[in-house]
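Heads up, data-v1.cif below (mmCIF, C-alpha atoms):
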```
data_protein
loop_
_atom_site.label_atom_id
_atom_site.label_comp_id
_atom_site.auth_asym_id
_atom_site.auth_seq_id
_atom_site.Cartn_x
_atom_site.Cartn_y
_atom_site.Cartn_z
CA MET A 1 -50.43 -17.11 -50.84
CA ASP A 2 -46.79 -16.50 -49.81
CA SER A 3 -45.50 -18.51 -52.77
CA GLU A 4 -47.69 -16.45 -55.12
CA ARG A 5 -46.23 -13.27 -53.69
CA GLN A 6 -42.66 -14.54 -54.12
CA GLU A 7 -43.32 -15.36 -57.76
CA ARG A 8 -44.36 -11.82 -58.59
CA THR A 9 -42.10 -9.83 -56.26
CA ALA A 10 -38.34 -9.50 -56.65
CA ALA A 11 -35.76 -7.81 -54.44
CA VAL A 12 -33.85 -5.13 -56.34
CA ARG A 13 -30.88 -2.91 -55.62
CA VAL A 14 -30.68 0.48 -57.29
CA PRO A 15 -27.16 1.98 -57.52
CA ILE A 16 -26.83 5.55 -56.23
CA ALA A 17 -23.28 6.89 -56.71
CA ASP A 18 -21.12 4.41 -54.79
CA GLN A 19 -24.05 3.12 -52.73
CA GLU A 20 -27.32 1.29 -53.41
CA LEU A 21 -30.95 1.46 -52.39
CA ARG A 22 -32.94 -1.66 -51.58
CA GLY A 23 -36.39 -2.23 -53.00
CA ASP A 24 -39.15 -4.73 -53.76
CA LEU A 25 -40.39 -4.78 -57.35
CA GLY A 26 -43.79 -6.35 -58.02
CA ILE A 27 -44.83 -6.90 -61.63
CA PRO A 28 -48.21 -8.48 -62.44
CA ALA A 29 -48.92 -10.02 -65.83
CA HIS A 30 -49.26 -7.37 -68.56
CA PRO A 31 -48.79 -4.28 -66.34
CA ARG A 32 -50.31 -1.02 -67.60
CA GLY A 33 -47.89 1.13 -65.60
CA ILE A 34 -45.70 1.20 -62.52
CA VAL A 35 -46.10 3.06 -59.22
CA LEU A 36 -42.99 4.10 -57.28
CA PHE A 37 -43.53 4.54 -53.53
CA ALA A 38 -41.92 7.29 -51.44
CA HIS A 39 -42.28 6.44 -47.77
CA GLY A 40 -42.81 8.81 -44.89
CA SER A 41 -40.43 9.85 -42.16
CA GLY A 42 -39.05 6.95 -40.17
CA SER A 43 -40.73 4.40 -42.44
CA SER A 44 -39.40 1.96 -45.04
CA ARG A 45 -40.40 -0.33 -47.88
CA HIS A 46 -41.74 -2.68 -45.20
CA SER A 47 -44.47 -0.19 -44.23
CA ARG A 48 -47.63 -2.20 -43.62
CA ARG A 49 -49.83 0.52 -45.06
CA ASN A 50 -47.84 0.99 -48.26
CA GLN A 51 -47.46 -2.76 -48.68
CA TYR A 52 -51.24 -3.06 -48.56
CA VAL A 53 -51.75 -0.30 -51.13
CA ALA A 54 -49.13 -1.90 -53.39
CA ARG A 55 -50.90 -5.25 -53.35
CA VAL A 56 -54.20 -3.57 -54.27
CA LEU A 57 -52.55 -1.70 -57.14
CA GLU A 58 -50.97 -4.90 -58.43
CA ARG A 59 -54.37 -6.56 -58.52
CA ARG A 60 -55.47 -3.66 -60.73
CA GLY A 61 -52.70 -4.36 -63.21
CA LEU A 62 -50.07 -1.92 -61.98
CA ALA A 63 -46.48 -2.83 -61.21
CA THR A 64 -45.08 -1.41 -57.96
CA LEU A 65 -41.68 -0.53 -56.59
CA LEU A 66 -41.41 -0.04 -52.83
CA ILE A 67 -37.92 1.27 -52.17
CA ASP A 68 -35.92 2.61 -49.25
CA LEU A 69 -34.66 6.06 -50.18
CA LEU A 70 -32.00 5.84 -47.47
CA THR A 71 -29.11 3.39 -47.43
CA ALA A 72 -28.77 0.98 -44.51
CA ASP A 73 -26.11 3.19 -42.91
CA GLU A 74 -28.23 6.31 -43.37
CA GLU A 75 -31.25 4.59 -41.86
CA ALA A 76 -29.22 3.70 -38.77
CA ILE A 77 -28.08 7.32 -38.38
CA ASP A 78 -31.57 8.67 -39.06
CA GLU A 79 -33.08 6.49 -36.34
CA GLN A 80 -30.85 8.30 -33.84
CA THR A 81 -30.78 11.83 -35.24
CA ALA A 82 -33.71 12.15 -37.73
CA GLU A 83 -31.32 14.18 -39.91
CA TYR A 84 -32.26 12.60 -43.25
CA ARG A 85 -36.02 12.13 -43.10
CA PHE A 86 -36.77 15.83 -43.69
CA ASP A 87 -34.07 16.34 -46.35
CA ILE A 88 -36.71 16.58 -49.06
CA ASP A 89 -34.33 17.69 -51.80
CA MET A 90 -32.09 14.65 -51.24
CA LEU A 91 -35.05 12.27 -51.12
CA ALA A 92 -36.46 13.79 -54.32
CA GLU A 93 -33.09 13.46 -56.05
CA ARG A 94 -33.08 9.79 -55.18
CA LEU A 95 -36.60 9.34 -56.47
CA VAL A 96 -35.47 10.88 -59.76
CA ALA A 97 -32.50 8.51 -59.84
CA VAL A 98 -34.86 5.56 -59.32
CA VAL A 99 -37.10 6.84 -62.13
CA ASP A 100 -34.05 6.94 -64.41
CA TRP A 101 -33.15 3.40 -63.30
CA LEU A 102 -36.65 2.19 -64.17
CA ARG A 103 -36.22 3.68 -67.63
CA ARG A 104 -33.11 1.52 -68.12
CA GLN A 105 -34.71 -1.79 -67.09
CA ALA A 106 -36.14 -4.01 -69.81
CA ALA A 107 -39.25 -4.90 -67.78
CA THR A 108 -40.18 -1.31 -66.90
CA LYS A 109 -38.59 1.05 -69.45
CA SER A 110 -41.78 1.50 -71.49
CA LEU A 111 -44.22 1.69 -68.56
CA PRO A 112 -45.77 5.03 -67.55
CA ILE A 113 -44.71 5.94 -64.02
CA GLY A 114 -46.79 7.12 -61.09
CA LEU A 115 -45.54 8.28 -57.69
CA PHE A 116 -47.24 7.42 -54.39
CA GLY A 117 -45.93 9.49 -51.50
CA ALA A 118 -46.85 9.14 -47.83
CA SER A 119 -46.35 11.86 -45.21
CA THR A 120 -42.97 13.52 -45.90
CA GLY A 121 -42.67 11.22 -48.92
CA GLY A 122 -45.55 13.19 -50.41
CA GLY A 123 -43.38 16.29 -50.46
CA ALA A 124 -40.47 14.39 -52.03
CA ALA A 125 -42.78 12.91 -54.68
CA LEU A 126 -44.00 16.37 -55.71
CA VAL A 127 -40.46 17.75 -55.98
CA ALA A 128 -39.51 14.74 -58.12
CA ALA A 129 -42.59 15.23 -60.30
CA ALA A 130 -41.62 18.86 -60.85
CA ALA A 131 -38.12 17.76 -61.86
CA ARG A 132 -39.34 15.04 -64.25
CA PRO A 133 -42.63 16.36 -65.73
CA HIS A 134 -42.36 14.19 -68.86
CA ASP A 135 -41.62 11.01 -66.91
CA ILE A 136 -44.19 11.19 -64.11
CA ALA A 137 -47.72 10.54 -65.38
CA ALA A 138 -49.53 10.95 -62.04
CA VAL A 139 -48.97 11.51 -58.32
CA VAL A 140 -50.92 10.36 -55.26
CA SER A 141 -50.10 11.74 -51.81
CA ARG A 142 -51.43 9.95 -48.69
CA GLY A 143 -51.51 12.13 -45.59
CA GLY A 144 -48.76 14.04 -47.33
CA ARG A 145 -46.72 17.13 -46.53
CA PRO A 146 -46.86 19.04 -49.82
CA ASP A 147 -45.70 22.14 -47.93
CA LEU A 148 -42.26 20.53 -47.87
CA ALA A 149 -42.19 20.78 -51.67
CA ALA A 150 -42.18 24.57 -51.27
CA ALA A 151 -41.19 26.37 -54.49
CA ALA A 152 -41.60 23.20 -56.59
CA LEU A 153 -45.40 23.19 -56.24
CA PRO A 154 -46.19 25.60 -59.11
CA ARG A 155 -43.99 23.46 -61.40
CA VAL A 156 -45.89 20.21 -60.80
CA THR A 157 -47.85 19.44 -63.96
CA SER A 158 -48.58 15.76 -63.28
CA PRO A 159 -52.22 15.09 -62.28
CA THR A 160 -52.12 14.94 -58.48
CA LEU A 161 -54.48 13.40 -55.93
CA LEU A 162 -54.08 14.60 -52.34
CA ILE A 163 -55.66 12.10 -49.91
CA VAL A 164 -56.05 13.27 -46.31
CA GLY A 165 -57.92 11.88 -43.33
CA GLY A 166 -61.09 13.81 -42.58
CA ARG A 167 -60.00 14.24 -38.95
CA ASP A 168 -56.39 15.17 -39.77
CA THR A 169 -57.15 18.87 -39.38
CA ASP A 170 -53.68 20.40 -39.60
CA VAL A 171 -52.69 18.32 -42.62
CA ILE A 172 -55.97 19.20 -44.37
CA GLU A 173 -55.08 22.89 -44.16
CA VAL A 174 -51.54 22.24 -45.40
CA ASN A 175 -52.91 20.37 -48.41
CA ARG A 176 -55.54 23.01 -49.16
CA HIS A 177 -52.84 25.67 -49.18
CA ALA A 178 -50.63 23.55 -51.45
CA ARG A 179 -53.49 22.91 -53.85
CA ARG A 180 -53.93 26.65 -54.34
CA GLN A 181 -50.27 26.94 -55.37
CA MET A 182 -50.36 24.13 -57.92
CA ARG A 183 -51.25 24.81 -61.54
CA GLY A 184 -51.97 21.34 -62.92
CA GLU A 185 -54.92 19.04 -62.23
CA VAL A 186 -55.16 18.66 -58.44
CA VAL A 187 -57.88 16.96 -56.41
CA LEU A 188 -58.09 16.95 -52.61
CA ASP A 189 -60.04 13.95 -51.31
CA LEU A 190 -60.88 13.59 -47.61
CA VAL A 191 -61.43 10.14 -46.14
CA PRO A 192 -64.33 10.51 -43.67
CA GLY A 193 -63.47 9.76 -40.05
CA ALA A 194 -59.81 8.96 -40.75
CA THR A 195 -56.84 10.32 -38.83
CA HIS A 196 -53.28 10.77 -40.08
CA LEU A 197 -52.30 7.09 -40.26
CA PHE A 198 -55.65 5.87 -41.64
CA GLU A 199 -55.88 3.21 -38.94
CA GLU A 200 -59.67 3.37 -38.64
CA PRO A 201 -61.71 0.44 -40.06
CA GLY A 202 -62.02 0.77 -43.83
CA ALA A 203 -59.85 3.90 -44.06
CA LEU A 204 -56.82 2.32 -45.70
CA GLU A 205 -59.06 0.36 -48.06
CA HIS A 206 -60.60 3.68 -49.09
CA VAL A 207 -57.12 5.11 -49.73
CA ALA A 208 -56.15 2.13 -51.90
CA GLU A 209 -59.37 2.40 -53.91
CA LEU A 210 -58.86 6.13 -54.52
CA ALA A 211 -55.23 5.61 -55.51
CA GLY A 212 -56.11 2.73 -57.82
CA ASP A 213 -58.79 4.78 -59.55
CA TRP A 214 -56.43 7.75 -59.98
CA PHE A 215 -53.56 5.74 -61.41
CA THR A 216 -55.69 3.68 -63.77
CA GLN A 217 -57.30 6.90 -65.00
CA HIS A 218 -54.06 8.84 -65.52
CA LEU A 219 -51.47 6.22 -66.42
CA PRO A 220 -51.93 5.44 -70.12
CA PRO A 221 -51.98 1.70 -70.90
CA THR A 222 -48.92 1.91 -73.17
CA LEU A 223 -45.96 4.20 -73.54
CA ALA A 224 -43.44 4.19 -76.35
CA PRO A 225 -39.81 3.85 -75.20
CA LEU A 226 -38.30 7.28 -74.65
CA ALA A 227 -35.54 8.38 -76.98
CA GLY A 228 -32.15 8.74 -75.39
CA ARG A 229 -32.99 6.58 -72.35
#
```
File written out as structure tokens:
Amino acid sequence: MDSERQERTAAVRVPIADQELRGDLGIPAHPRGIVLFAHGSGSSRHSRRNQYVARVLERRGLATLLIDLLTADEEAIDEQTAEYRFDIDMLAERLVAVVDWLRRQAATKSLPIGLFGASTGGGAALVAAAARPHDIAAVVSRGGRPDLAAAALPRVTSPTLLIVGGRDTDVIEVNRHARRQMRGEVVLDLVPGATHLFEEPGALEHVAELAGDWFTQHLPPTLAPLAGR
């Protein structure tokens, strides 16, 4: 099983100014699209929950890119001060830079792109979707903080699925309020009995199934290369 994973997953480094972001790119045979993951506060591309969702999406024919939106030095600082994890504008800018990088890579340049954001990463994903409406085909937010997207919410036109645990009361209200501000297709789906981290039996599996259905529905199977990219 480990050897199979190594064959389909490659470590990548995405240049950002004079620095680089580290990621894991998984590409199944004949991918129909690619999903870029935006992790939550204090998390990374090694997140057990996002790794699980990525594997499920790959089995459904979607490529995945799990990437750290902070550099190694920034992660070390953030662990002590938490000064970067809520800088949603910076995180969204880096997501946009990764989207542009995907458009320059031979293996991914013609694939429709989806964003999967968790917790604060959900807010960053929505800001990035507002900034790149023609590049982002769909968004899924898991236990997300769309309130952190603030003024960007009315500009999100990508079909968006907001997944929240049925017992995550405060986050449910935040997502309901955000949904009312958004103008595109938005669905709020509650996972019965789940709390914020979806640690209950079957909860994360439910999340992965919902995300897989949303992306396969909204990411077209082919996309012509974009002019000027």
Translate the PyMOL selection byres ((chain A and resi 9-15) around 12), as applied to the file shown, into an explicit residue set as an mmCIF file with C-alpha atoms, in the frame of the given file.
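expr35.cif, written as the output of this step:
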```
data_model
loop_
_atom_site.group_PDB
_atom_site.id
_atom_site.type_symbol
_atom_site.label_atom_id
_atom_site.label_comp_id
_atom_site.auth_asym_id
_atom_site.auth_seq_id
_atom_site.Cartn_x
_atom_site.Cartn_y
_atom_site.Cartn_z
ATOM 1 C CA ASP A 2 -46.790 -16.500 -49.810
ATOM 2 C CA SER A 3 -45.500 -18.510 -52.770
ATOM 3 C CA GLU A 4 -47.690 -16.450 -55.120
ATOM 4 C CA ARG A 5 -46.230 -13.270 -53.690
ATOM 5 C CA GLN A 6 -42.660 -14.540 -54.120
ATOM 6 C CA GLU A 7 -43.320 -15.360 -57.760
ATOM 7 C CA ARG A 8 -44.360 -11.820 -58.590
ATOM 8 C CA ILE A 16 -26.830 5.550 -56.230
ATOM 9 C CA ALA A 17 -23.280 6.890 -56.710
ATOM 10 C CA ASP A 18 -21.120 4.410 -54.790
ATOM 11 C CA GLN A 19 -24.050 3.120 -52.730
ATOM 12 C CA GLU A 20 -27.320 1.290 -53.410
ATOM 13 C CA LEU A 21 -30.950 1.460 -52.390
ATOM 14 C CA ARG A 22 -32.940 -1.660 -51.580
ATOM 15 C CA GLY A 23 -36.390 -2.230 -53.000
ATOM 16 C CA ASP A 24 -39.150 -4.730 -53.760
ATOM 17 C CA LEU A 25 -40.390 -4.780 -57.350
ATOM 18 C CA GLY A 26 -43.790 -6.350 -58.020
ATOM 19 C CA ILE A 27 -44.830 -6.900 -61.630
ATOM 20 C CA PRO A 28 -48.210 -8.480 -62.440
ATOM 21 C CA ALA A 29 -48.920 -10.020 -65.830
ATOM 22 C CA ARG A 45 -40.400 -0.330 -47.880
ATOM 23 C CA GLN A 51 -47.460 -2.760 -48.680
ATOM 24 C CA ALA A 54 -49.130 -1.900 -53.390
ATOM 25 C CA ARG A 55 -50.900 -5.250 -53.350
ATOM 26 C CA GLU A 58 -50.970 -4.900 -58.430
ATOM 27 C CA ALA A 63 -46.480 -2.830 -61.210
ATOM 28 C CA THR A 64 -45.080 -1.410 -57.960
ATOM 29 C CA LEU A 65 -41.680 -0.530 -56.590
ATOM 30 C CA LEU A 66 -41.410 -0.040 -52.830
ATOM 31 C CA ILE A 67 -37.920 1.270 -52.170
ATOM 32 C CA ASP A 68 -35.920 2.610 -49.250
ATOM 33 C CA LEU A 69 -34.660 6.060 -50.180
ATOM 34 C CA LEU A 70 -32.000 5.840 -47.470
ATOM 35 C CA THR A 71 -29.110 3.390 -47.430
ATOM 36 C CA ALA A 72 -28.770 0.980 -44.510
ATOM 37 C CA ARG A 94 -33.080 9.790 -55.180
ATOM 38 C CA LEU A 95 -36.600 9.340 -56.470
ATOM 39 C CA VAL A 96 -35.470 10.880 -59.760
ATOM 40 C CA ALA A 97 -32.500 8.510 -59.840
ATOM 41 C CA VAL A 98 -34.860 5.560 -59.320
ATOM 42 C CA VAL A 99 -37.100 6.840 -62.130
ATOM 43 C CA ASP A 100 -34.050 6.940 -64.410
ATOM 44 C CA TRP A 101 -33.150 3.400 -63.300
ATOM 45 C CA LEU A 102 -36.650 2.190 -64.170
ATOM 46 C CA ARG A 104 -33.110 1.520 -68.120
ATOM 47 C CA GLN A 105 -34.710 -1.790 -67.090
#
```
Distance of atom CA of Val35 of chain A from atom CA of Phe198 of chain A, expressed in Å to one decimal place: 20.2 Å
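Between Ala129 of chain A and the residues A:Leu57, A:Asp189, A:Leu36, A:Glu200, the shortest atom-to-atom distance, using only C-alpha atoms, involves A:Leu36.
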Answer as JSON, numbers by chain, residues within 9 Å of (-46.5, 22.2, -57.9) using all atoms listed in the file: {"A": [126, 127, 129, 130, 146, 149, 150, 151, 152, 153, 154, 155, 156, 157, 158, 178, 179, 181, 182, 183, 184]}
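The shortest atom-to-atom distance to Leu115 of chain A, with only C-alpha atoms taken into account, belongs to A:Ile34 out of A:Leu204, A:Ile163, A:Ile34, A:Val191.
Remark: for Ala38 of chain A, the closest of the candidate residues A:Ala82, A:Ile88, A:Ala125, A:Ala76 is A:Ala125 (distances computed over only C-alpha atoms).
Atom CA of Ala106 of chain A is positioned 13.1 Å from atom CA of Pro31 of chain A.
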Explicit residues for the PyMOL selection byres ((chain A and resi 164) around 10) (as JSON, numbers by chain): {"A": [119, 141, 142, 143, 144, 161, 162, 163, 165, 166, 167, 168, 169, 171, 172, 173, 175, 188, 189, 190, 191, 192, 194, 195, 196, 197, 198, 207]}
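With only C-alpha atoms as the basis for measurement, A:Gly123 is the residue among A:Arg60, A:Leu111, A:Gly123, A:Glu83 that approaches His39 of chain A most closely.
Nearest to Leu210 of chain A of all the residues A:Val56, A:Arg103, A:Ser110, A:His30 is A:Val56, counting all atoms listed in the file.
Counting only C-alpha atoms and comparing A:Leu62, A:Leu219, A:Met90, A:Val53, the residue that lies closest to Val139 of chain A is A:Leu219.
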Around segment 142-161 of chain A, fit a box with edges along x, y and z, padding it by 5 Å on each side, then list its centre and edge lengths in Å to one decimal as lines of an AutoDock Vina configuration file.
```
center_x = -47.8
center_y = 18.2
center_z = -54.8
size_x = 23.3
size_y = 26.4
size_z = 28.4
```
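The gap separating atom CA of Asp147 of chain A from atom CA of Arg180 of chain A is 11.4 Å, in Å to one decimal.
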Kindly complete segment 184-212 of chain A to N, CA and C atoms; the output should be written as a JSON list (two decimals), in the coordinates of the input.
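Result went into out32.json, see below:
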```json
[["chain", "number", "residue", "atom", "x", "y", "z"],
["A", 184, "GLY", "N", -51.44, 22.46, -62.15],
["A", 184, "GLY", "CA", -51.97, 21.34, -62.92],
["A", 184, "GLY", "C", -53.28, 20.84, -62.33],
["A", 185, "GLU", "N", -53.71, 19.66, -62.77],
["A", 185, "GLU", "CA", -54.92, 19.04, -62.23],
["A", 185, "GLU", "C", -54.63, 18.53, -60.82],
["A", 186, "VAL", "N", -55.35, 19.05, -59.84],
["A", 186, "VAL", "CA", -55.16, 18.66, -58.44],
["A", 186, "VAL", "C", -56.52, 18.43, -57.80],
["A", 187, "VAL", "N", -56.65, 17.29, -57.14],
["A", 187, "VAL", "CA", -57.88, 16.96, -56.41],
["A", 187, "VAL", "C", -57.52, 16.66, -54.96],
["A", 188, "LEU", "N", -58.24, 17.25, -54.03],
["A", 188, "LEU", "CA", -58.09, 16.95, -52.61],
["A", 188, "LEU", "C", -59.27, 16.09, -52.19],
["A", 189, "ASP", "N", -58.99, 14.88, -51.70],
["A", 189, "ASP", "CA", -60.04, 13.95, -51.31],
["A", 189, "ASP", "C", -59.88, 13.61, -49.83],
["A", 190, "LEU", "N", -60.91, 13.88, -49.04],
["A", 190, "LEU", "CA", -60.88, 13.59, -47.61],
["A", 190, "LEU", "C", -61.55, 12.26, -47.32],
["A", 191, "VAL", "N", -60.87, 11.43, -46.53],
["A", 191, "VAL", "CA", -61.43, 10.14, -46.14],
["A", 191, "VAL", "C", -62.19, 10.34, -44.83],
["A", 192, "PRO", "N", -63.52, 10.21, -44.86],
["A", 192, "PRO", "CA", -64.33, 10.51, -43.67],
["A", 192, "PRO", "C", -63.90, 9.71, -42.44],
["A", 193, "GLY", "N", -63.75, 10.41, -41.32],
["A", 193, "GLY", "CA", -63.47, 9.76, -40.05],
["A", 193, "GLY", "C", -62.05, 9.30, -39.85],
["A", 194, "ALA", "N", -61.17, 9.48, -40.85],
["A", 194, "ALA", "CA", -59.81, 8.96, -40.75],
["A", 194, "ALA", "C", -58.87, 9.99, -40.12],
["A", 195, "THR", "N", -57.90, 9.49, -39.38],
["A", 195, "THR", "CA", -56.84, 10.32, -38.83],
["A", 195, "THR", "C", -55.59, 10.16, -39.70],
["A", 196, "HIS", "N", -54.46, 10.65, -39.23],
["A", 196, "HIS", "CA", -53.28, 10.77, -40.08],
["A", 196, "HIS", "C", -52.79, 9.43, -40.63],
["A", 197, "LEU", "N", -52.84, 8.38, -39.83],
["A", 197, "LEU", "CA", -52.30, 7.09, -40.26],
["A", 197, "LEU", "C", -53.35, 6.17, -40.89],
["A", 198, "PHE", "N", -54.58, 6.65, -41.00],
["A", 198, "PHE", "CA", -55.65, 5.87, -41.64],
["A", 198, "PHE", "C", -55.80, 4.48, -40.99],
["A", 199, "GLU", "N", -55.78, 4.47, -39.68],
["A", 199, "GLU", "CA", -55.88, 3.21, -38.94],
["A", 199, "GLU", "C", -57.32, 2.80, -38.65],
["A", 200, "GLU", "N", -58.27, 3.67, -38.91],
["A", 200, "GLU", "CA", -59.67, 3.37, -38.64],
["A", 200, "GLU", "C", -60.18, 2.29, -39.61],
["A", 201, "PRO", "N", -61.17, 1.49, -39.19],
["A", 201, "PRO", "CA", -61.71, 0.44, -40.06],
["A", 201, "PRO", "C", -62.15, 0.98, -41.41],
["A", 202, "GLY", "N", -61.64, 0.39, -42.47],
["A", 202, "GLY", "CA", -62.02, 0.77, -43.83],
["A", 202, "GLY", "C", -61.27, 1.95, -44.41],
["A", 203, "ALA", "N", -60.50, 2.68, -43.58],
["A", 203, "ALA", "CA", -59.85, 3.90, -44.06],
["A", 203, "ALA", "C", -58.76, 3.60, -45.08],
["A", 204, "LEU", "N", -57.91, 2.63, -44.77],
["A", 204, "LEU", "CA", -56.82, 2.32, -45.70],
["A", 204, "LEU", "C", -57.36, 1.70, -46.99],
["A", 205, "GLU", "N", -58.42, 0.91, -46.87],
["A", 205, "GLU", "CA", -59.06, 0.36, -48.06],
["A", 205, "GLU", "C", -59.58, 1.48, -48.97],
["A", 206, "HIS", "N", -60.12, 2.52, -48.34],
["A", 206, "HIS", "CA", -60.60, 3.68, -49.09],
["A", 206, "HIS", "C", -59.44, 4.36, -49.82],
["A", 207, "VAL", "N", -58.32, 4.52, -49.13],
["A", 207, "VAL", "CA", -57.12, 5.11, -49.73],
["A", 207, "VAL", "C", -56.69, 4.31, -50.95],
["A", 208, "ALA", "N", -56.61, 2.98, -50.80],
["A", 208, "ALA", "CA", -56.15, 2.13, -51.90],
["A", 208, "ALA", "C", -57.10, 2.21, -53.09],
["A", 209, "GLU", "N", -58.40, 2.29, -52.82],
["A", 209, "GLU", "CA", -59.37, 2.40, -53.91],
["A", 209, "GLU", "C", -59.20, 3.73, -54.65],
["A", 210, "LEU", "N", -59.05, 4.82, -53.89],
["A", 210, "LEU", "CA", -58.86, 6.13, -54.52],
["A", 210, "LEU", "C", -57.58, 6.16, -55.35],
["A", 211, "ALA", "N", -56.50, 5.62, -54.79],
["A", 211, "ALA", "CA", -55.23, 5.61, -55.51],
["A", 211, "ALA", "C", -55.33, 4.76, -56.77],
["A", 212, "GLY", "N", -55.96, 3.59, -56.66],
["A", 212, "GLY", "CA", -56.11, 2.73, -57.82],
["A", 212, "GLY", "C", -56.90, 3.40, -58.92]]
```
